[in-house]
Amino acid sequence: METLILSKQDVSKLINMKDAIASVEQAYKAYCSDQVIQPPIVSIDDAEHNGEIDIKTCYSKSEALVSIKCASGYWDNPKRYNMPTLLATIILLDGKNGYPLCIMDGSLITSYRTGAAGGLSARLLAKKDSKKVAVIGAGNQARLQIKAISEVVNIESVSVWDTCKEFMNAYKNDISALLNVSVETCGTSKEAVMDADIIVTTTPSRKMLVMNEWVKSGTHIIAIGADMKGKQEIDPKIFCRSKIYVDSVAQCVERGEIQNAIETGDIEISDIYAELGEVLLGNKEARTNESEVTIFDSTGMGIQDNTLAALIYQKALSSNVGTTIKLL
Ligand code: NAD
């Protein structure tokens with residue numbers, strides 16, 4: 001038997017946002033149907049190099065497939081090494097015998113499955129007439145989140161704020177070209193979020209960037225950036241008046257945006273309304289009125305990597321993409 005090797009370029013030929021959204025939907029349902037063994041994430045905080053490494057593993061019972069992903073965020077990579085901040089590698093093993101089926105670049109899979117999670121949450125939780133999207137952070141995820149949201153919402157305008165003006169301007173150019181919508185760069189995060197129907201936060205910040213009093217009723221918030229202990233983007237007080245959805249309760253209380261609201265005592269774990277998979281399975285309600293504020297706290301799960309990587313692997317086999325090696 002052979003092992004398939006898929007480079008980032010190979011994966012780029014096979015991946016698209018529609019598939020990613022369907023794949024994350026499948027992943028969230030599996031997670032809430034006892035179809036997944038997902039050990040806790042192993043994290044390494046590399047403060048010396050302004051970086052972090054996460055190792056996410058998962059066994060999908062229904063697919064009999066094991067995935068192991070090593071993903072890193074080294075925030076100075078673009079300036080220091082002319083490399084992206086996010087790098088990731090995924091290994092897929094046959095769950096019946098442990099055979100290494102595929103070794104693939106995982107950076108696009110991480111980007112797409114994370115964007116897809118935000119888009120899926122907007123489909124389920126944002127007001128149907130949402131038009132204005134605010135994005136805090138102008139990096140990689142800021143692009144993928146908008147790409148995914150545009151699959152499910154008729155976006156009319158995007159407002160963006162980032163600490164780096166140059167990144168904001170590049171973002172404006174990219175998103176205007178991608179979607180043909182008006183994109184406004186803002187001088188403050190307050191200016192960006194004040195009139196938004198959907199707010200996406202996607203920075204590696206460790207302090208509040210969005211305050212409670214700036215968020216109007218009926219807003220849907222997609223909290224992406226906080227995926228590790230110590231990260232924070234939003235005011236914990238926002239949670240007190242919101243209906244709270246998460247990808248995984250176990251992960252979010254430890255490393256999601258919600259860790260901060262629990263730590264300050266603003267909310268308790270029992271205040272989390274649902275995991276998104278429960279909504280998809282019809283066991284919990286989505287938004288029930290136009291005025292509630294909804295928050296989706298995403299930390300990113302091994303099963304999201306597993307389902308999307310499995311799809312890319314199958315597509316690669318059927319379209320003859322990639323190279324094979326004999327590892328054993
Ligand atoms: P990126 O480096 O491409 O973009 C980050 C952007 O945030 C940059 O434009 C940077 O200038 C800006 N920024 C940095 N610090 C800031 C601050 N304090 N205030 C405002 N802007 C700031 O990174 P990315 O890949 O887009 O990831 C963004 C965040 O999302 C990271 O924290 C990452 O760990 C997290 N993430 C979460 C998931 C998930 O599943 N929830 C998946 C991927 C990434």
# chains A, B, ... in the order shown; residues from 1 in each chain; ligands from 1

call {"tool": "select_by_dssp", "arguments": {"residues": "segment 31-232 of chain A", "states": "strand (DSSP E)", "output": "ChimeraX atom specification"}}
result
/A:36-37,42-46,51-60,65-74,86-94,100-105,132-136,157-161,182-185,198-201,206-210,220-223,232

call {"tool": "residues_near_ligand", "arguments": {"ligand": "ligand 1", "cutoff": "8 Å", "atoms": "only C-alpha atoms and all ligand atoms", "output": "MDAnalysis selection string"}}
result
chainID A and resid 73:75 84:86 110:111 113:114 117 136:143 161:164 167:168 202:207 209 223:228 231 256 297:301

call {"tool": "closest_residue", "arguments": {"among": "A:Lys243, A:His220, A:Lys229, A:Lys131", "to": "Glu275 of chain A", "atoms": "only C-alpha atoms"}}
result
A:Lys243

call {"tool": "select_by_dssp", "arguments": {"residues": "segment 128-206 of chain A", "states": "alpha helix (DSSP H)", "output": "PyMOL selection string"}}
result
chain A and resi 140-152+165-179+189-193

call {"tool": "residues_around", "arguments": {"residues": "Ser176 of chain A", "least_positions_apart": "5", "cutoff": "12 Å", "atoms": "only C-alpha atoms", "output": "ChimeraX atom specification"}}
result
/A:143,146-147,155-159,169-171,181-185

call {"tool": "closest_residue", "arguments": {"among": "A:Lys216, A:Ile68, A:Ser62, A:Ser189", "to": "Ile91 of chain A", "atoms": "only C-alpha atoms"}}
result
A:Ile68

call {"tool": "residues_around", "arguments": {"residues": "Ser43 of chain A", "least_positions_apart": "5", "cutoff": "10 Å", "atoms": "only C-alpha atoms", "output": "PyMOL selection string"}}
result
chain A and resi 52-56+70-72+228-229

call {"tool": "write_last_selection", "arguments": {"atoms": "N, CA and C atoms", "output": "mmCIF file, in the first residue's frame"}}
result
data_model
loop_
_atom_site.group_PDB
_atom_site.id
_atom_site.type_symbol
_atom_site.label_atom_id
_atom_site.label_comp_id
_atom_site.auth_asym_id
_atom_site.auth_seq_id
_atom_site.Cartn_x
_atom_site.Cartn_y
_atom_site.Cartn_z
ATOM 1 N N GLU A 52 2.451 29.980 18.572
ATOM 2 C CA GLU A 52 1.713 28.954 19.310
ATOM 3 C C GLU A 52 1.516 27.746 18.401
ATOM 4 N N ILE A 53 1.462 26.570 19.008
ATOM 5 C CA ILE A 53 1.283 25.332 18.236
ATOM 6 C C ILE A 53 0.142 24.550 18.884
ATOM 7 N N ASP A 54 -0.771 24.064 18.056
ATOM 8 C CA ASP A 54 -1.880 23.232 18.545
ATOM 9 C C ASP A 54 -1.834 21.883 17.834
ATOM 10 N N ILE A 55 -1.973 20.819 18.595
ATOM 11 C CA ILE A 55 -2.072 19.492 17.978
ATOM 12 C C ILE A 55 -3.488 18.968 18.254
ATOM 13 N N LYS A 56 -4.236 18.776 17.162
ATOM 14 C CA LYS A 56 -5.640 18.350 17.283
ATOM 15 C C LYS A 56 -5.793 16.965 16.681
ATOM 16 N N CYS A 70 -1.114 19.162 13.138
ATOM 17 C CA CYS A 70 -0.220 20.050 13.875
ATOM 18 C C CYS A 70 -0.328 21.416 13.197
ATOM 19 N N ALA A 71 -0.892 22.384 13.892
ATOM 20 C CA ALA A 71 -1.089 23.720 13.296
ATOM 21 C C ALA A 71 -0.375 24.760 14.152
ATOM 22 N N SER A 72 0.236 25.727 13.496
ATOM 23 C CA SER A 72 0.926 26.763 14.264
ATOM 24 C C SER A 72 0.515 28.151 13.795
ATOM 25 N N MET A 228 -7.375 29.908 22.433
ATOM 26 C CA MET A 228 -6.300 29.440 23.308
ATOM 27 C C MET A 228 -6.409 30.170 24.646
ATOM 28 N N LYS A 229 -5.915 29.596 25.694
ATOM 29 C CA LYS A 229 -5.943 30.263 27.011
ATOM 30 C C LYS A 229 -5.299 31.640 26.914
#

call {"tool": "atom_distance", "arguments": {"atom1": "atom CA of Glu191 of chain A", "atom2": "atom CA of Val246 of chain A"}}
result
26.6 Å

call {"tool": "closest_atom_pairs", "arguments": {"of": "segment 255-327 of chain A", "to": "segment 11-32 of chain A", "cutoff": "6 Å", "atoms": "only C-alpha atoms", "output": "tab-separated table"}}
result
residue	atom	partner	partner_atom	distance
A:Gly277	CA	A:Tyr28	CA	4.4
A:Ile303	CA	A:Ala27	CA	5.6
A:Gln304	CA	A:Ala27	CA	5.4
A:Thr307	CA	A:Ser23	CA	6.0
A:Leu308	CA	A:Ser23	CA	5.7

call {"tool": "closest_residue", "arguments": {"among": "A:Ile149, A:Val279, A:Ile295, A:Ala64", "to": "Ile37 of chain A", "atoms": "only C-alpha atoms"}}
result
A:Ala64

call {"tool": "residues_around", "arguments": {"residues": "Glu2 of chain A", "least_positions_apart": "4", "cutoff": "10 Å", "atoms": "only C-alpha atoms", "output": "PyMOL selection string"}}
result
chain A and resi 99-102+323-328

call {"tool": "write_last_selection", "arguments": {"atoms": "all heavy atoms", "output": "mmCIF file, in the first residue's frame"}}
result
data_model
loop_
_atom_site.group_PDB
_atom_site.id
_atom_site.type_symbol
_atom_site.label_atom_id
_atom_site.label_comp_id
_atom_site.auth_asym_id
_atom_site.auth_seq_id
_atom_site.Cartn_x
_atom_site.Cartn_y
_atom_site.Cartn_z
ATOM 1 N N TYR A 99 -3.115 2.429 9.296
ATOM 2 C CA TYR A 99 -2.236 2.673 8.144
ATOM 3 C C TYR A 99 -2.253 4.162 7.746
ATOM 4 O O TYR A 99 -3.324 4.764 7.639
ATOM 5 C CB TYR A 99 -2.671 1.812 6.944
ATOM 6 C CG TYR A 99 -1.632 1.835 5.849
ATOM 7 C CD1 TYR A 99 -0.577 0.919 5.867
ATOM 8 C CD2 TYR A 99 -1.659 2.801 4.840
ATOM 9 C CE1 TYR A 99 0.417 0.977 4.889
ATOM 10 C CE2 TYR A 99 -0.681 2.854 3.870
ATOM 11 C CZ TYR A 99 0.347 1.942 3.902
ATOM 12 O OH TYR A 99 1.331 2.004 2.959
ATOM 13 N N PRO A 100 -1.062 4.756 7.499
ATOM 14 C CA PRO A 100 -1.039 6.174 7.097
ATOM 15 C C PRO A 100 -1.492 6.358 5.651
ATOM 16 O O PRO A 100 -0.747 6.070 4.717
ATOM 17 C CB PRO A 100 0.436 6.575 7.268
ATOM 18 C CG PRO A 100 1.203 5.294 7.214
ATOM 19 C CD PRO A 100 0.296 4.193 7.665
ATOM 20 N N LEU A 101 -2.722 6.823 5.467
ATOM 21 C CA LEU A 101 -3.300 6.955 4.124
ATOM 22 C C LEU A 101 -2.793 8.188 3.397
ATOM 23 O O LEU A 101 -2.574 8.159 2.187
ATOM 24 C CB LEU A 101 -4.828 7.060 4.227
ATOM 25 C CG LEU A 101 -5.557 5.870 4.840
ATOM 26 C CD1 LEU A 101 -7.005 6.224 5.116
ATOM 27 C CD2 LEU A 101 -5.464 4.668 3.894
ATOM 28 N N CYS A 102 -2.628 9.272 4.159
ATOM 29 C CA CYS A 102 -2.332 10.548 3.492
ATOM 30 C C CYS A 102 -1.604 11.515 4.434
ATOM 31 O O CYS A 102 -1.911 11.568 5.629
ATOM 32 C CB CYS A 102 -3.673 11.162 3.045
ATOM 33 S SG CYS A 102 -3.500 12.670 2.079
ATOM 34 N N THR A 323 1.059 12.963 -5.042
ATOM 35 C CA THR A 323 2.075 11.949 -5.361
ATOM 36 C C THR A 323 2.036 10.881 -4.270
ATOM 37 O O THR A 323 1.619 11.173 -3.134
ATOM 38 C CB THR A 323 3.491 12.569 -5.379
ATOM 39 O OG1 THR A 323 3.630 13.402 -4.223
ATOM 40 C CG2 THR A 323 3.737 13.401 -6.611
ATOM 41 N N THR A 324 2.463 9.689 -4.611
ATOM 42 C CA THR A 324 2.419 8.633 -3.599
ATOM 43 C C THR A 324 3.844 8.219 -3.205
ATOM 44 O O THR A 324 4.774 8.321 -4.010
ATOM 45 C CB THR A 324 1.669 7.385 -4.107
ATOM 46 O OG1 THR A 324 2.217 7.028 -5.372
ATOM 47 C CG2 THR A 324 0.197 7.644 -4.253
ATOM 48 N N ILE A 325 3.977 7.790 -1.962
ATOM 49 C CA ILE A 325 5.264 7.234 -1.515
ATOM 50 C C ILE A 325 4.982 5.939 -0.751
ATOM 51 O O ILE A 325 3.875 5.712 -0.279
ATOM 52 C CB ILE A 325 6.041 8.203 -0.591
ATOM 53 C CG1 ILE A 325 5.183 8.627 0.613
ATOM 54 C CG2 ILE A 325 6.546 9.410 -1.344
ATOM 55 C CD1 ILE A 325 5.992 9.257 1.723
ATOM 56 N N LYS A 326 6.032 5.125 -0.649
ATOM 57 C CA LYS A 326 5.916 3.916 0.169
ATOM 58 C C LYS A 326 6.588 4.218 1.507
ATOM 59 O O LYS A 326 7.804 4.323 1.581
ATOM 60 C CB LYS A 326 6.633 2.754 -0.540
ATOM 61 C CG LYS A 326 5.662 1.844 -1.250
ATOM 62 C CD LYS A 326 6.287 0.481 -1.512
ATOM 63 C CE LYS A 326 5.310 -0.592 -1.917
ATOM 64 N NZ LYS A 326 3.986 -0.572 -1.369
ATOM 65 N N LEU A 327 5.780 4.436 2.537
ATOM 66 C CA LEU A 327 6.344 4.745 3.857
ATOM 67 C C LEU A 327 6.761 3.470 4.568
ATOM 68 O O LEU A 327 7.703 3.451 5.341
ATOM 69 C CB LEU A 327 5.291 5.446 4.723
ATOM 70 C CG LEU A 327 5.232 6.973 4.734
ATOM 71 C CD1 LEU A 327 4.164 7.437 5.713
ATOM 72 C CD2 LEU A 327 6.565 7.595 5.124
ATOM 73 N N LEU A 328 6.017 2.387 4.326
ATOM 74 C CA LEU A 328 6.275 1.137 5.056
ATOM 75 C C LEU A 328 6.855 0.091 4.109
ATOM 76 O O LEU A 328 6.491 0.053 2.941
ATOM 77 C CB LEU A 328 4.975 0.592 5.648
ATOM 78 C CG LEU A 328 4.166 1.538 6.529
ATOM 79 C CD1 LEU A 328 2.893 0.847 6.993
ATOM 80 C CD2 LEU A 328 4.984 1.968 7.742
#

call {"tool": "atom_distance", "arguments": {"atom1": "atom CA of Glu278 of chain A", "atom2": "atom CA of Ser33 of chain A"}}
result
8.7 Å

call {"tool": "residues_around", "arguments": {"residues": "segment 194-200 of chain A", "least_positions_apart": "6", "cutoff": "6 Å", "atoms": "only C-alpha atoms", "output": "ChimeraX atom specification"}}
result
/A:130,132-135,214,219-222

call {"tool": "residues_around", "arguments": {"residues": "Lys237 of chain A", "least_positions_apart": "4", "cutoff": "9 Å", "atoms": "only C-alpha atoms", "output": "PyMOL selection string"}}
result
chain A and resi 211-212+241+261+266-267

call {"tool": "closest_residue", "arguments": {"among": "A:Glu285, A:Glu166, A:Asp105, A:Asp46", "to": "Leu4 of chain A", "atoms": "only C-alpha atoms"}}
result
A:Asp105

call {"tool": "decode", "arguments": {"residues": "segment 298-328 of chain A", "atoms": "N, CA, C and O atoms", "output": "PDB file, in the first residue's frame"}}
result
ATOM      1  N   SER A 298     -16.175  29.994  18.539  1.00  0.00           N
ATOM      2  CA  SER A 298     -15.531  28.891  17.809  1.00  0.00           C
ATOM      3  C   SER A 298     -14.087  28.709  18.271  1.00  0.00           C
ATOM      4  O   SER A 298     -13.328  29.677  18.341  1.00  0.00           O
ATOM      5  N   THR A 299     -13.750  27.467  18.593  1.00  0.00           N
ATOM      6  CA  THR A 299     -12.347  27.171  18.951  1.00  0.00           C
ATOM      7  C   THR A 299     -11.693  26.272  17.898  1.00  0.00           C
ATOM      8  O   THR A 299     -10.480  26.095  17.912  1.00  0.00           O
ATOM      9  N   GLY A 300     -12.508  25.680  17.020  1.00  0.00           N
ATOM     10  CA  GLY A 300     -11.963  24.794  15.978  1.00  0.00           C
ATOM     11  C   GLY A 300     -11.759  23.391  16.522  1.00  0.00           C
ATOM     12  O   GLY A 300     -11.048  23.195  17.504  1.00  0.00           O
ATOM     13  N   MET A 301     -12.395  22.402  15.871  1.00  0.00           N
ATOM     14  CA  MET A 301     -12.348  21.041  16.406  1.00  0.00           C
ATOM     15  C   MET A 301     -11.638  20.074  15.463  1.00  0.00           C
ATOM     16  O   MET A 301     -11.690  20.219  14.237  1.00  0.00           O
ATOM     17  N   GLY A 302     -11.060  19.051  16.068  1.00  0.00           N
ATOM     18  CA  GLY A 302     -10.400  17.996  15.294  1.00  0.00           C
ATOM     19  C   GLY A 302     -11.343  17.355  14.284  1.00  0.00           C
ATOM     20  O   GLY A 302     -10.930  17.017  13.172  1.00  0.00           O
ATOM     21  N   ILE A 303     -12.626  17.212  14.640  1.00  0.00           N
ATOM     22  CA  ILE A 303     -13.560  16.568  13.710  1.00  0.00           C
ATOM     23  C   ILE A 303     -13.802  17.436  12.466  1.00  0.00           C
ATOM     24  O   ILE A 303     -14.063  16.906  11.379  1.00  0.00           O
ATOM     25  N   GLN A 304     -13.655  18.761  12.589  1.00  0.00           N
ATOM     26  CA  GLN A 304     -13.772  19.621  11.384  1.00  0.00           C
ATOM     27  C   GLN A 304     -12.613  19.322  10.428  1.00  0.00           C
ATOM     28  O   GLN A 304     -12.801  19.246   9.215  1.00  0.00           O
ATOM     29  N   ASP A 305     -11.407  19.188  11.002  1.00  0.00           N
ATOM     30  CA  ASP A 305     -10.242  18.857  10.170  1.00  0.00           C
ATOM     31  C   ASP A 305     -10.439  17.479   9.540  1.00  0.00           C
ATOM     32  O   ASP A 305     -10.166  17.264   8.354  1.00  0.00           O
ATOM     33  N   ASN A 306     -10.929  16.556  10.355  1.00  0.00           N
ATOM     34  CA  ASN A 306     -11.087  15.167   9.930  1.00  0.00           C
ATOM     35  C   ASN A 306     -12.040  15.052   8.730  1.00  0.00           C
ATOM     36  O   ASN A 306     -11.701  14.453   7.707  1.00  0.00           O
ATOM     37  N   THR A 307     -13.217  15.676   8.836  1.00  0.00           N
ATOM     38  CA  THR A 307     -14.212  15.503   7.750  1.00  0.00           C
ATOM     39  C   THR A 307     -13.767  16.205   6.470  1.00  0.00           C
ATOM     40  O   THR A 307     -13.930  15.662   5.375  1.00  0.00           O
ATOM     41  N   LEU A 308     -13.182  17.412   6.594  1.00  0.00           N
ATOM     42  CA  LEU A 308     -12.785  18.113   5.371  1.00  0.00           C
ATOM     43  C   LEU A 308     -11.541  17.451   4.750  1.00  0.00           C
ATOM     44  O   LEU A 308     -11.463  17.298   3.531  1.00  0.00           O
ATOM     45  N   ALA A 309     -10.618  17.013   5.598  1.00  0.00           N
ATOM     46  CA  ALA A 309      -9.423  16.322   5.066  1.00  0.00           C
ATOM     47  C   ALA A 309      -9.836  15.026   4.366  1.00  0.00           C
ATOM     48  O   ALA A 309      -9.293  14.675   3.308  1.00  0.00           O
ATOM     49  N   ALA A 310     -10.818  14.316   4.931  1.00  0.00           N
ATOM     50  CA  ALA A 310     -11.296  13.068   4.313  1.00  0.00           C
ATOM     51  C   ALA A 310     -11.885  13.346   2.932  1.00  0.00           C
ATOM     52  O   ALA A 310     -11.640  12.606   1.965  1.00  0.00           O
ATOM     53  N   LEU A 311     -12.640  14.422   2.834  1.00  0.00           N
ATOM     54  CA  LEU A 311     -13.247  14.782   1.544  1.00  0.00           C
ATOM     55  C   LEU A 311     -12.159  15.110   0.511  1.00  0.00           C
ATOM     56  O   LEU A 311     -12.215  14.652  -0.642  1.00  0.00           O
ATOM     57  N   ILE A 312     -11.167  15.886   0.940  1.00  0.00           N
ATOM     58  CA  ILE A 312     -10.085  16.276   0.021  1.00  0.00           C
ATOM     59  C   ILE A 312      -9.301  15.027  -0.410  1.00  0.00           C
ATOM     60  O   ILE A 312      -8.939  14.871  -1.589  1.00  0.00           O
ATOM     61  N   TYR A 313      -9.075  14.124   0.530  1.00  0.00           N
ATOM     62  CA  TYR A 313      -8.370  12.867   0.218  1.00  0.00           C
ATOM     63  C   TYR A 313      -9.142  12.068  -0.831  1.00  0.00           C
ATOM     64  O   TYR A 313      -8.570  11.611  -1.831  1.00  0.00           O
ATOM     65  N   GLN A 314     -10.445  11.944  -0.631  1.00  0.00           N
ATOM     66  CA  GLN A 314     -11.270  11.183  -1.595  1.00  0.00           C
ATOM     67  C   GLN A 314     -11.262  11.855  -2.972  1.00  0.00           C
ATOM     68  O   GLN A 314     -11.160  11.186  -4.005  1.00  0.00           O
ATOM     69  N   LYS A 315     -11.370  13.194  -2.981  1.00  0.00           N
ATOM     70  CA  LYS A 315     -11.355  13.926  -4.258  1.00  0.00           C
ATOM     71  C   LYS A 315     -10.004  13.738  -4.949  1.00  0.00           C
ATOM     72  O   LYS A 315      -9.934  13.612  -6.177  1.00  0.00           O
ATOM     73  N   ALA A 316      -8.934  13.746  -4.174  1.00  0.00           N
ATOM     74  CA  ALA A 316      -7.587  13.587  -4.747  1.00  0.00           C
ATOM     75  C   ALA A 316      -7.451  12.207  -5.396  1.00  0.00           C
ATOM     76  O   ALA A 316      -6.915  12.074  -6.504  1.00  0.00           O
ATOM     77  N   LEU A 317      -7.981  11.185  -4.701  1.00  0.00           N
ATOM     78  CA  LEU A 317      -7.896   9.823  -5.259  1.00  0.00           C
ATOM     79  C   LEU A 317      -8.672   9.736  -6.568  1.00  0.00           C
ATOM     80  O   LEU A 317      -8.179   9.197  -7.563  1.00  0.00           O
ATOM     81  N   SER A 318      -9.881  10.313  -6.565  1.00  0.00           N
ATOM     82  CA  SER A 318     -10.711  10.157  -7.769  1.00  0.00           C
ATOM     83  C   SER A 318     -10.243  11.037  -8.918  1.00  0.00           C
ATOM     84  O   SER A 318     -10.548  10.762 -10.066  1.00  0.00           O
ATOM     85  N   SER A 319      -9.495  12.116  -8.629  1.00  0.00           N
ATOM     86  CA  SER A 319      -9.042  12.952  -9.743  1.00  0.00           C
ATOM     87  C   SER A 319      -7.523  12.857  -9.957  1.00  0.00           C
ATOM     88  O   SER A 319      -6.945  13.684 -10.651  1.00  0.00           O
ATOM     89  N   ASN A 320      -6.915  11.885  -9.305  1.00  0.00           N
ATOM     90  CA  ASN A 320      -5.488  11.621  -9.540  1.00  0.00           C
ATOM     91  C   ASN A 320      -4.579  12.794  -9.208  1.00  0.00           C
ATOM     92  O   ASN A 320      -3.627  13.077  -9.943  1.00  0.00           O
ATOM     93  N   VAL A 321      -4.873  13.468  -8.116  1.00  0.00           N
ATOM     94  CA  VAL A 321      -4.036  14.604  -7.691  1.00  0.00           C
ATOM     95  C   VAL A 321      -3.092  14.112  -6.588  1.00  0.00           C
ATOM     96  O   VAL A 321      -3.459  13.281  -5.768  1.00  0.00           O
ATOM     97  N   GLY A 322      -1.853  14.638  -6.564  1.00  0.00           N
ATOM     98  CA  GLY A 322      -0.892  14.300  -5.505  1.00  0.00           C
ATOM     99  C   GLY A 322       0.125  13.274  -5.955  1.00  0.00           C
ATOM    100  O   GLY A 322       0.092  12.801  -7.092  1.00  0.00           O
ATOM    101  N   THR A 323       1.059  12.963  -5.042  1.00  0.00           N
ATOM    102  CA  THR A 323       2.075  11.949  -5.361  1.00  0.00           C
ATOM    103  C   THR A 323       2.036  10.881  -4.270  1.00  0.00           C
ATOM    104  O   THR A 323       1.619  11.173  -3.134  1.00  0.00           O
ATOM    105  N   THR A 324       2.463   9.689  -4.611  1.00  0.00           N
ATOM    106  CA  THR A 324       2.419   8.633  -3.599  1.00  0.00           C
ATOM    107  C   THR A 324       3.844   8.219  -3.205  1.00  0.00           C
ATOM    108  O   THR A 324       4.774   8.321  -4.010  1.00  0.00           O
ATOM    109  N   ILE A 325       3.977   7.790  -1.962  1.00  0.00           N
ATOM    110  CA  ILE A 325       5.264   7.234  -1.515  1.00  0.00           C
ATOM    111  C   ILE A 325       4.982   5.939  -0.751  1.00  0.00           C
ATOM    112  O   ILE A 325       3.875   5.712  -0.279  1.00  0.00           O
ATOM    113  N   LYS A 326       6.032   5.125  -0.649  1.00  0.00           N
ATOM    114  CA  LYS A 326       5.916   3.916   0.169  1.00  0.00           C
ATOM    115  C   LYS A 326       6.588   4.218   1.507  1.00  0.00           C
ATOM    116  O   LYS A 326       7.804   4.323   1.581  1.00  0.00           O
ATOM    117  N   LEU A 327       5.780   4.436   2.537  1.00  0.00           N
ATOM    118  CA  LEU A 327       6.344   4.745   3.857  1.00  0.00           C
ATOM    119  C   LEU A 327       6.761   3.470   4.568  1.00  0.00           C
ATOM    120  O   LEU A 327       7.703   3.451   5.341  1.00  0.00           O
ATOM    121  N   LEU A 328       6.017   2.387   4.326  1.00  0.00           N
ATOM    122  CA  LEU A 328       6.275   1.137   5.056  1.00  0.00           C
ATOM    123  C   LEU A 328       6.855   0.091   4.109  1.00  0.00           C
ATOM    124  O   LEU A 328       6.491   0.053   2.941  1.00  0.00           O
TER     125      LEU A 328
END
